[in-house]
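Here's the structure, in structure tokens; my notes come after.
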Amino acid sequence: MIPFSFDLLHQDTRTQARRGRIHTSRGKIETPIFMPVGTQATVKGLLPEALKEVGAQIILANTYHLFLRPGHQTVQDLGGLHRFMNWDRPILTDSGGFQVFSLGQLRKISEEGVLFQSHLDGSTHLLTPELATGVQEALGADIIMAFDECIAYPSPRDYVQRSTDLSARWARRCKEARREGDGSALFGIVQGGMFPDLRRKSCEDLLEIGFDGYALGGLSVGEEASVMYDVMEATLPHLPHDHPRYVMGVGTPENLIEGISRGVDMFDCVMPTRNARNGVLFTSFGRISIKQARYARDEQPVDPACGCYVCRNYSRAYLRHLYQSGEILASVLNTHHNIHYYLDLMASARSAIEANSFVEFKRDFYHQRATH
Ligand SMILES: O=c1[nH]cnc2cc3nc(NCc4cccs4)[nH]c3cc12
Ligand SMILES: [Zn+2]
């Protein structure tokens, strides 16, 4: 059983960008990395083989959803999440706090945990740090997340302070609830809203407890990008360089480039998969909405600069036809391209950091978008 570890391979000389490698018992993860979201044990529309073809090294699944359906005991009894979904590479599970607030109904927070009703059948559940940790261990995730409250934006400073302190107490309970030596890693989640001093305090509280990695929570909750970047700059310097930094729920391609330049190693977001299903495709020159009439007879690929299976075999006209016709293949092909785009962008960023040319990489990234 290879224990979890992180190697900082190279620090860019002109930005905070870093090139790293995470070692897990199910394989290595090259960072910076984007994690496709597979909420209900599937990255919607993609076979595991397709995920591997586009270079996915790790995917995310959601504790809240799998706890409610099919149930973590069922998944465990059937061999765990990797066996269940035929994915033998690393999996990270979010701990459920965020989904309880974004999906659960009639929530009640207490020191114990969060009482909520299932959005599926109205059944009542109490999700505690101990249960959230046990569920993630039962699923067999390689990286599990502390149970926290994702604070809504904007929130009064007093509420942010009290919630952040509660999440820190919950984080300690998660660590204490851990099963010994199951090879998985536990990440703490920094809160603190948009208040630099509360973010710093949250870092200090989590560092005192000690985690395998540190996530920035409470972002991508409706704030302006500039606010997100300010919070990153106020938080990242207080996290150890020799541990992975993960910003949850982020973001657009631009957000990823800006996050990397500030020292972020890991990202996840529903953006590429959700937009694909709505016909919005990411390209090196910006986004295109495939439903637009201008693509009806356009035989070019989505992005002539993209080397993915979709761009090598299908025209914009065909993708538009599939989308307009409500065909299942529309979601499959659009998702394949979008995930390839995100992962290819990360691969290019890793190469640029290795070559000490991330500044030029970032400049070219924006230039290509400006000139279309
Ligand atoms: O503080 C957090 N704690 C644990 N999980 C999260 C997940 C998160 N995902 C987003 N935004 C991504 C979005 C998903 C759907 C709409 S926005 N922000 C997030 C914050 C947290
Ligand atoms: Zn493509």
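Identifiers in this document derive from the order of the structure tokens: chains are assigned A, B, ..., residues are numbered from 1 separately in each chain, and ligands are numbered from 1 in order of occurrence.
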
Pull the closest atom pair for each residue of chain A that gets at most 10 Å from ligand 1, along with the distance in Å to one decimal, counting only C-alpha atoms and all ligand atoms, ordering rows by chain and then ascending residue number, as JSON lines.
```
{"residue": "A:Val37", "atom": "CA", "partner": "ligand 1", "partner_atom_place_in_ligand_line": "14 (C)", "distance": 9.8}
{"residue": "A:Asn62", "atom": "CA", "partner": "ligand 1", "partner_atom_place_in_ligand_line": "5 (N)", "distance": 9.3}
{"residue": "A:Thr93", "atom": "CA", "partner": "ligand 1", "partner_atom_place_in_ligand_line": "5 (N)", "distance": 9.5}
{"residue": "A:Asp94", "atom": "CA", "partner": "ligand 1", "partner_atom_place_in_ligand_line": "5 (N)", "distance": 5.8}
{"residue": "A:Ser95", "atom": "CA", "partner": "ligand 1", "partner_atom_place_in_ligand_line": "4 (C)", "distance": 6.6}
{"residue": "A:Gly96", "atom": "CA", "partner": "ligand 1", "partner_atom_place_in_ligand_line": "4 (C)", "distance": 7.0}
{"residue": "A:Gly97", "atom": "CA", "partner": "ligand 1", "partner_atom_place_in_ligand_line": "4 (C)", "distance": 5.8}
{"residue": "A:Phe98", "atom": "CA", "partner": "ligand 1", "partner_atom_place_in_ligand_line": "5 (N)", "distance": 4.7}
{"residue": "A:Gln99", "atom": "CA", "partner": "ligand 1", "partner_atom_place_in_ligand_line": "5 (N)", "distance": 7.5}
{"residue": "A:Val100", "atom": "CA", "partner": "ligand 1", "partner_atom_place_in_ligand_line": "5 (N)", "distance": 9.9}
{"residue": "A:Phe101", "atom": "CA", "partner": "ligand 1", "partner_atom_place_in_ligand_line": "6 (C)", "distance": 9.9}
{"residue": "A:Ser102", "atom": "CA", "partner": "ligand 1", "partner_atom_place_in_ligand_line": "15 (C)", "distance": 7.9}
{"residue": "A:Met145", "atom": "CA", "partner": "ligand 1", "partner_atom_place_in_ligand_line": "4 (C)", "distance": 7.6}
{"residue": "A:Ala146", "atom": "CA", "partner": "ligand 1", "partner_atom_place_in_ligand_line": "4 (C)", "distance": 8.0}
{"residue": "A:Phe147", "atom": "CA", "partner": "ligand 1", "partner_atom_place_in_ligand_line": "4 (C)", "distance": 7.4}
{"residue": "A:Asp148", "atom": "CA", "partner": "ligand 1", "partner_atom_place_in_ligand_line": "3 (N)", "distance": 5.9}
{"residue": "A:Glu149", "atom": "CA", "partner": "ligand 1", "partner_atom_place_in_ligand_line": "3 (N)", "distance": 6.3}
{"residue": "A:Cys150", "atom": "CA", "partner": "ligand 1", "partner_atom_place_in_ligand_line": "1 (O)", "distance": 3.7}
{"residue": "A:Ile151", "atom": "CA", "partner": "ligand 1", "partner_atom_place_in_ligand_line": "1 (O)", "distance": 6.7}
{"residue": "A:Ala152", "atom": "CA", "partner": "ligand 1", "partner_atom_place_in_ligand_line": "1 (O)", "distance": 8.9}
{"residue": "A:Ser167", "atom": "CA", "partner": "ligand 1", "partner_atom_place_in_ligand_line": "3 (N)", "distance": 9.8}
{"residue": "A:Gly188", "atom": "CA", "partner": "ligand 1", "partner_atom_place_in_ligand_line": "3 (N)", "distance": 9.5}
{"residue": "A:Ile189", "atom": "CA", "partner": "ligand 1", "partner_atom_place_in_ligand_line": "3 (N)", "distance": 6.5}
{"residue": "A:Val190", "atom": "CA", "partner": "ligand 1", "partner_atom_place_in_ligand_line": "1 (O)", "distance": 7.7}
{"residue": "A:Gln191", "atom": "CA", "partner": "ligand 1", "partner_atom_place_in_ligand_line": "1 (O)", "distance": 6.6}
{"residue": "A:Gly192", "atom": "CA", "partner": "ligand 1", "partner_atom_place_in_ligand_line": "1 (O)", "distance": 9.7}
{"residue": "A:Gly193", "atom": "CA", "partner": "ligand 1", "partner_atom_place_in_ligand_line": "1 (O)", "distance": 9.3}
{"residue": "A:Ala215", "atom": "CA", "partner": "ligand 1", "partner_atom_place_in_ligand_line": "3 (N)", "distance": 8.2}
{"residue": "A:Leu216", "atom": "CA", "partner": "ligand 1", "partner_atom_place_in_ligand_line": "1 (O)", "distance": 6.9}
{"residue": "A:Gly217", "atom": "CA", "partner": "ligand 1", "partner_atom_place_in_ligand_line": "1 (O)", "distance": 3.2}
{"residue": "A:Gly218", "atom": "CA", "partner": "ligand 1", "partner_atom_place_in_ligand_line": "1 (O)", "distance": 3.8}
{"residue": "A:Leu219", "atom": "CA", "partner": "ligand 1", "partner_atom_place_in_ligand_line": "18 (N)", "distance": 5.0}
{"residue": "A:Ser220", "atom": "CA", "partner": "ligand 1", "partner_atom_place_in_ligand_line": "11 (N)", "distance": 4.3}
{"residue": "A:Val221", "atom": "CA", "partner": "ligand 1", "partner_atom_place_in_ligand_line": "18 (N)", "distance": 5.4}
{"residue": "A:Gly222", "atom": "CA", "partner": "ligand 1", "partner_atom_place_in_ligand_line": "17 (S)", "distance": 7.5}
{"residue": "A:Val247", "atom": "CA", "partner": "ligand 1", "partner_atom_place_in_ligand_line": "20 (C)", "distance": 8.2}
{"residue": "A:Met248", "atom": "CA", "partner": "ligand 1", "partner_atom_place_in_ligand_line": "8 (C)", "distance": 4.9}
{"residue": "A:Gly249", "atom": "CA", "partner": "ligand 1", "partner_atom_place_in_ligand_line": "12 (C)", "distance": 3.5}
{"residue": "A:Val250", "atom": "CA", "partner": "ligand 1", "partner_atom_place_in_ligand_line": "12 (C)", "distance": 6.1}
{"residue": "A:Gly251", "atom": "CA", "partner": "ligand 1", "partner_atom_place_in_ligand_line": "12 (C)", "distance": 7.4}
{"residue": "A:Asp268", "atom": "CA", "partner": "ligand 1", "partner_atom_place_in_ligand_line": "12 (C)", "distance": 7.9}
{"residue": "A:Cys269", "atom": "CA", "partner": "ligand 1", "partner_atom_place_in_ligand_line": "12 (C)", "distance": 5.8}
{"residue": "A:Val270", "atom": "CA", "partner": "ligand 1", "partner_atom_place_in_ligand_line": "14 (C)", "distance": 6.1}
{"residue": "A:Met271", "atom": "CA", "partner": "ligand 1", "partner_atom_place_in_ligand_line": "14 (C)", "distance": 8.1}
{"residue": "A:Arg274", "atom": "CA", "partner": "ligand 1", "partner_atom_place_in_ligand_line": "15 (C)", "distance": 9.4}
```

Counting only C-alpha atoms and all ligand atoms, name the residues that have an atom within 7 Å of an atom of ligand 2; the answer should be given as a VMD selection string. chain A and resid 302 to 303 306 to 311 337 340 to 341

Quick one: everything within 12 Å of A:Thr335, counting only C-alpha atoms, minus sequence neighbours fewer than 2 positions away in the same chain. Send it as a PyMOL selection string. chain A and resi 36-37+43-47+50-51+54+270-282+308-310+319+328-333+337-342

Just C-alpha atoms for this one: save the residues we selected as an mmCIF file, in the first residue's frame.
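Here's the written file out-v1.cif:
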```cif
data_model
loop_
_atom_site.group_PDB
_atom_site.id
_atom_site.type_symbol
_atom_site.label_atom_id
_atom_site.label_comp_id
_atom_site.auth_asym_id
_atom_site.auth_seq_id
_atom_site.Cartn_x
_atom_site.Cartn_y
_atom_site.Cartn_z
ATOM 1 C CA PRO A 36 -13.742 15.913 -14.012
ATOM 2 C CA VAL A 37 -16.868 15.736 -11.842
ATOM 3 C CA VAL A 43 -18.794 11.532 -15.483
ATOM 4 C CA LYS A 44 -22.030 12.138 -17.340
ATOM 5 C CA GLY A 45 -21.820 10.819 -20.899
ATOM 6 C CA LEU A 46 -18.266 9.480 -20.811
ATOM 7 C CA LEU A 47 -17.132 5.847 -20.586
ATOM 8 C CA ALA A 50 -12.984 7.785 -22.978
ATOM 9 C CA LEU A 51 -11.943 9.483 -19.726
ATOM 10 C CA VAL A 54 -8.624 12.341 -22.806
ATOM 11 C CA VAL A 270 -19.017 20.999 -13.416
ATOM 12 C CA MET A 271 -18.355 23.718 -16.012
ATOM 13 C CA PRO A 272 -17.015 21.526 -18.880
ATOM 14 C CA THR A 273 -19.593 18.750 -18.407
ATOM 15 C CA ARG A 274 -22.637 20.918 -17.641
ATOM 16 C CA ASN A 275 -21.903 23.377 -20.460
ATOM 17 C CA ALA A 276 -21.379 20.496 -22.900
ATOM 18 C CA ARG A 277 -24.927 19.279 -22.247
ATOM 19 C CA ASN A 278 -26.135 22.814 -22.943
ATOM 20 C CA GLY A 279 -24.251 22.968 -26.250
ATOM 21 C CA VAL A 280 -21.531 25.348 -25.033
ATOM 22 C CA LEU A 281 -18.088 24.253 -26.170
ATOM 23 C CA PHE A 282 -14.706 25.498 -24.941
ATOM 24 C CA CYS A 308 -9.405 15.280 -29.683
ATOM 25 C CA TYR A 309 -11.442 12.398 -31.167
ATOM 26 C CA VAL A 310 -14.422 14.709 -31.714
ATOM 27 C CA LEU A 319 -22.672 18.521 -33.611
ATOM 28 C CA ILE A 328 -27.867 11.449 -26.754
ATOM 29 C CA LEU A 329 -24.661 11.552 -28.823
ATOM 30 C CA ALA A 330 -24.719 15.365 -28.614
ATOM 31 C CA SER A 331 -23.949 15.201 -24.877
ATOM 32 C CA VAL A 332 -21.404 12.447 -25.367
ATOM 33 C CA LEU A 333 -19.375 14.212 -28.071
ATOM 34 C CA HIS A 337 -14.347 17.604 -26.359
ATOM 35 C CA ASN A 338 -14.829 19.885 -23.328
ATOM 36 C CA ILE A 339 -13.108 17.525 -20.904
ATOM 37 C CA HIS A 340 -10.286 17.029 -23.402
ATOM 38 C CA TYR A 341 -9.964 20.823 -23.673
ATOM 39 C CA TYR A 342 -9.696 21.281 -19.885
#
```

Can you pull out the residues contacting stretch 79-85 of chain A? Cut-off 12 Å, using only C-alpha atoms, and skip same-chain residues under 4 positions away; I want them as a PyMOL selection string. chain A and resi 26+38-43+46-49+58-63+66-67+70-75+89-93+135-142

Just the selected residues (C-alpha atoms), exported as a short mmCIF file (atom, residue, chain, number, x, y, z; two decimals), in the first residue's frame, please.
```cif
data_model
loop_
_atom_site.label_atom_id
_atom_site.label_comp_id
_atom_site.auth_asym_id
_atom_site.auth_seq_id
_atom_site.Cartn_x
_atom_site.Cartn_y
_atom_site.Cartn_z
CA ARG A 26 -3.99 3.88 -7.04
CA GLY A 38 -18.55 12.33 -11.65
CA THR A 39 -21.25 13.17 -9.09
CA GLN A 40 -23.24 9.91 -9.15
CA ALA A 41 -20.35 7.57 -9.95
CA THR A 42 -20.22 8.59 -13.59
CA VAL A 43 -18.79 11.53 -15.48
CA LEU A 46 -18.27 9.48 -20.81
CA LEU A 47 -17.13 5.85 -20.59
CA PRO A 48 -14.09 5.26 -18.33
CA GLU A 49 -12.15 4.38 -21.49
CA ILE A 58 -8.45 11.50 -11.09
CA ILE A 59 -12.18 12.14 -10.95
CA LEU A 60 -14.50 13.54 -8.28
CA ALA A 61 -17.62 11.86 -6.84
CA ASN A 62 -20.13 13.26 -4.36
CA THR A 63 -20.76 11.78 -0.93
CA LEU A 66 -24.06 8.34 -3.22
CA PHE A 67 -25.09 8.30 0.45
CA PRO A 70 -27.54 3.78 -3.95
CA GLY A 71 -26.21 4.08 -0.35
CA HIS A 72 -22.58 3.81 0.76
CA GLN A 73 -23.15 0.37 2.34
CA THR A 74 -24.40 -0.98 -1.00
CA VAL A 75 -21.36 0.42 -2.82
CA ARG A 89 -7.49 5.44 -11.11
CA PRO A 90 -7.78 7.80 -8.10
CA ILE A 91 -11.12 9.18 -6.93
CA LEU A 92 -11.67 12.21 -4.68
CA THR A 93 -14.99 12.54 -2.87
CA VAL A 135 -19.21 7.19 4.11
CA GLN A 136 -16.15 8.33 2.12
CA GLU A 137 -14.06 5.50 3.58
CA ALA A 138 -16.83 3.00 2.77
CA LEU A 139 -16.89 4.28 -0.82
CA GLY A 140 -13.14 3.71 -0.93
CA ALA A 141 -12.08 7.17 -2.17
CA ASP A 142 -8.34 7.86 -2.42
#
```

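Each of A:Tyr229, A:Phe4, A:Tyr366, A:Tyr214 was compared to A:Pro244 using only C-alpha atoms, and A:Tyr214 turns out to be the nearest.
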
With only C-alpha atoms as the counted atoms, please give the residues lying no more than 12 Å from A:Leu236, apart from itself and same-chain residues fewer than 5 positions off, as a short mmCIF file (atom, residue, chain, number, x, y, z; two decimals) with N, CA, C and O atoms, in the first residue's frame.
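The resulting file, selection-v6.cif, is reproduced below:
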```
data_model
loop_
_atom_site.label_atom_id
_atom_site.label_comp_id
_atom_site.auth_asym_id
_atom_site.auth_seq_id
_atom_site.Cartn_x
_atom_site.Cartn_y
_atom_site.Cartn_z
N GLN A 16 3.72 32.24 -8.85
CA GLN A 16 3.60 31.24 -7.78
C GLN A 16 3.25 29.85 -8.35
O GLN A 16 3.01 28.92 -7.59
N ALA A 17 3.20 29.74 -9.68
CA ALA A 17 2.83 28.46 -10.30
C ALA A 17 3.82 27.37 -9.90
O ALA A 17 5.02 27.63 -9.78
N VAL A 190 -10.31 25.08 3.96
CA VAL A 190 -10.22 26.43 4.52
C VAL A 190 -11.50 27.20 4.21
O VAL A 190 -11.97 27.19 3.06
N PRO A 196 -9.82 38.28 4.66
CA PRO A 196 -8.43 37.78 4.71
C PRO A 196 -8.00 37.30 6.10
O PRO A 196 -7.37 36.24 6.23
N ARG A 199 -9.63 33.99 6.83
CA ARG A 199 -9.02 32.94 6.00
C ARG A 199 -7.71 32.49 6.64
O ARG A 199 -7.43 31.30 6.75
N ARG A 200 -6.93 33.48 7.10
CA ARG A 200 -5.64 33.14 7.72
C ARG A 200 -5.86 32.31 8.98
O ARG A 200 -5.20 31.29 9.20
N SER A 202 -8.37 30.43 9.65
CA SER A 202 -8.84 29.09 9.26
C SER A 202 -7.65 28.22 8.87
O SER A 202 -7.56 27.05 9.26
N CYS A 203 -6.69 28.80 8.13
CA CYS A 203 -5.47 28.05 7.76
C CYS A 203 -4.74 27.60 9.02
O CYS A 203 -4.35 26.43 9.15
N GLU A 204 -4.56 28.52 9.96
CA GLU A 204 -3.80 28.20 11.18
C GLU A 204 -4.50 27.09 11.98
O GLU A 204 -3.85 26.16 12.46
N TYR A 214 -4.74 20.67 1.52
CA TYR A 214 -5.61 21.74 1.99
C TYR A 214 -6.42 22.31 0.83
O TYR A 214 -5.85 22.63 -0.23
N ALA A 215 -7.73 22.37 1.02
CA ALA A 215 -8.61 22.91 -0.01
C ALA A 215 -9.08 24.29 0.40
O ALA A 215 -9.19 24.60 1.59
N LEU A 216 -9.33 25.15 -0.59
CA LEU A 216 -9.97 26.44 -0.36
C LEU A 216 -11.44 26.23 -0.67
O LEU A 216 -11.80 25.95 -1.82
N MET A 228 -12.54 36.25 -5.91
CA MET A 228 -11.97 34.89 -5.79
C MET A 228 -10.45 34.96 -5.78
O MET A 228 -9.79 34.33 -4.95
N TYR A 229 -9.87 35.77 -6.70
CA TYR A 229 -8.41 35.85 -6.79
C TYR A 229 -7.84 36.52 -5.54
O TYR A 229 -6.80 36.12 -5.03
N ASP A 230 -8.54 37.53 -5.02
CA ASP A 230 -8.07 38.19 -3.79
C ASP A 230 -8.03 37.19 -2.63
O ASP A 230 -7.09 37.16 -1.84
N VAL A 231 -9.07 36.33 -2.56
CA VAL A 231 -9.11 35.33 -1.47
C VAL A 231 -7.98 34.33 -1.65
O VAL A 231 -7.31 33.94 -0.69
N HIS A 241 4.02 24.78 1.43
CA HIS A 241 4.38 24.57 0.02
C HIS A 241 4.44 23.09 -0.33
O HIS A 241 4.24 22.71 -1.48
N HIS A 243 2.53 20.70 0.49
CA HIS A 243 1.23 20.00 0.49
C HIS A 243 0.40 20.50 -0.69
O HIS A 243 0.50 21.66 -1.07
N PRO A 244 -0.47 19.64 -1.26
CA PRO A 244 -1.32 20.08 -2.37
C PRO A 244 -2.32 21.14 -1.93
O PRO A 244 -2.81 21.10 -0.80
N ARG A 245 -2.56 22.12 -2.86
CA ARG A 245 -3.60 23.11 -2.61
C ARG A 245 -4.69 22.91 -3.67
O ARG A 245 -4.37 22.85 -4.87
N TYR A 246 -5.95 22.84 -3.20
CA TYR A 246 -7.09 22.47 -4.06
C TYR A 246 -8.18 23.52 -3.90
O TYR A 246 -8.63 23.77 -2.78
N VAL A 247 -8.57 24.15 -5.01
CA VAL A 247 -9.68 25.11 -4.93
C VAL A 247 -10.94 24.42 -5.45
O VAL A 247 -10.99 23.99 -6.61
N GLY A 259 -5.64 30.77 -11.14
CA GLY A 259 -5.39 30.02 -9.91
C GLY A 259 -4.01 29.40 -9.91
O GLY A 259 -3.27 29.49 -8.91
N ILE A 260 -3.61 28.81 -11.03
CA ILE A 260 -2.29 28.20 -11.13
C ILE A 260 -1.21 29.25 -10.88
O ILE A 260 -0.26 29.02 -10.12
N SER A 261 -1.38 30.43 -11.45
CA SER A 261 -0.34 31.47 -11.29
C SER A 261 -0.24 31.94 -9.84
O SER A 261 0.76 32.54 -9.45
N ARG A 262 -1.27 31.66 -9.04
CA ARG A 262 -1.23 32.04 -7.61
C ARG A 262 -0.84 30.88 -6.70
O ARG A 262 -0.82 31.03 -5.48
N GLY A 263 -0.57 29.69 -7.31
CA GLY A 263 -0.07 28.58 -6.50
C GLY A 263 -1.07 27.48 -6.20
O GLY A 263 -0.90 26.72 -5.24
N VAL A 264 -2.12 27.37 -7.02
CA VAL A 264 -3.10 26.29 -6.83
C VAL A 264 -2.68 25.06 -7.63
O VAL A 264 -2.19 25.19 -8.76
N ASP A 265 -2.88 23.87 -7.03
CA ASP A 265 -2.46 22.62 -7.69
C ASP A 265 -3.63 21.82 -8.27
O ASP A 265 -3.46 21.07 -9.23
#
```

Go through stretch 101-223 of chain A and collect every residue that DSSP, computed from the backbone, puts in strand (DSSP E); the answer should be as a PyMOL selection string. chain A and resi 105-109+114-117+124-127+143-145+185-190+213-216

Skipping near chain neighbours, those fewer than 5 positions away, what residues fall within 8 Å of A:Pro301 using only C-alpha atoms, listed as a list in words? Val310, Cys311, Arg312, Asn313, Tyr314, Ser315 and Arg316 of chain A

Those residues you just picked out, can you put them in a file as a compact mmCIF listing (two decimals), in the first residue's frame with C-alpha atoms?
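Result file follows (selection.txt):
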```txt
# COMPACT_ATOMS: atom_id res chain seq x y z
CA VAL A 310 -14.42 14.71 -31.71
CA CYS A 311 -12.44 17.42 -33.51
CA ARG A 312 -10.74 14.77 -35.66
CA ASN A 313 -13.98 13.14 -36.81
CA TYR A 314 -16.98 15.48 -36.66
CA SER A 315 -18.00 18.89 -38.01
CA ARG A 316 -19.67 21.71 -36.16
```

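Omitting A:Gly20 and its sequence neighbours fewer than 4 positions away, and counting only C-alpha atoms, the residues within 12 Å are Ser5, Phe6, Asp7, Leu8, Leu9, His10, Gln11, Asp12, Lys28, Ile29, Glu30, Thr31, Pro32, Ile33, His241, Asp242, His243, Pro244, Arg245, Ile260, Gly263, Val264, Asp265, Met266, Ala349, Arg350, Ser351, Ile353 and Glu354 of chain A.
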
Quick check for you: according to DSSP on this backbone, which residues of stretch 29-169 of chain A are classed as helix (DSSP H, G or I)? Reply as a count of residues only. 53

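Take atom CA of A:Arg179 and atom CA of A:Leu131: the distance between them is 12.0 Å.
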
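Minimum atom-to-atom distance to A:Ser289, evaluated using only C-alpha atoms, belongs to A:Gln324 out of A:Ile257, A:Pro240, A:Gln57, A:Gln324.
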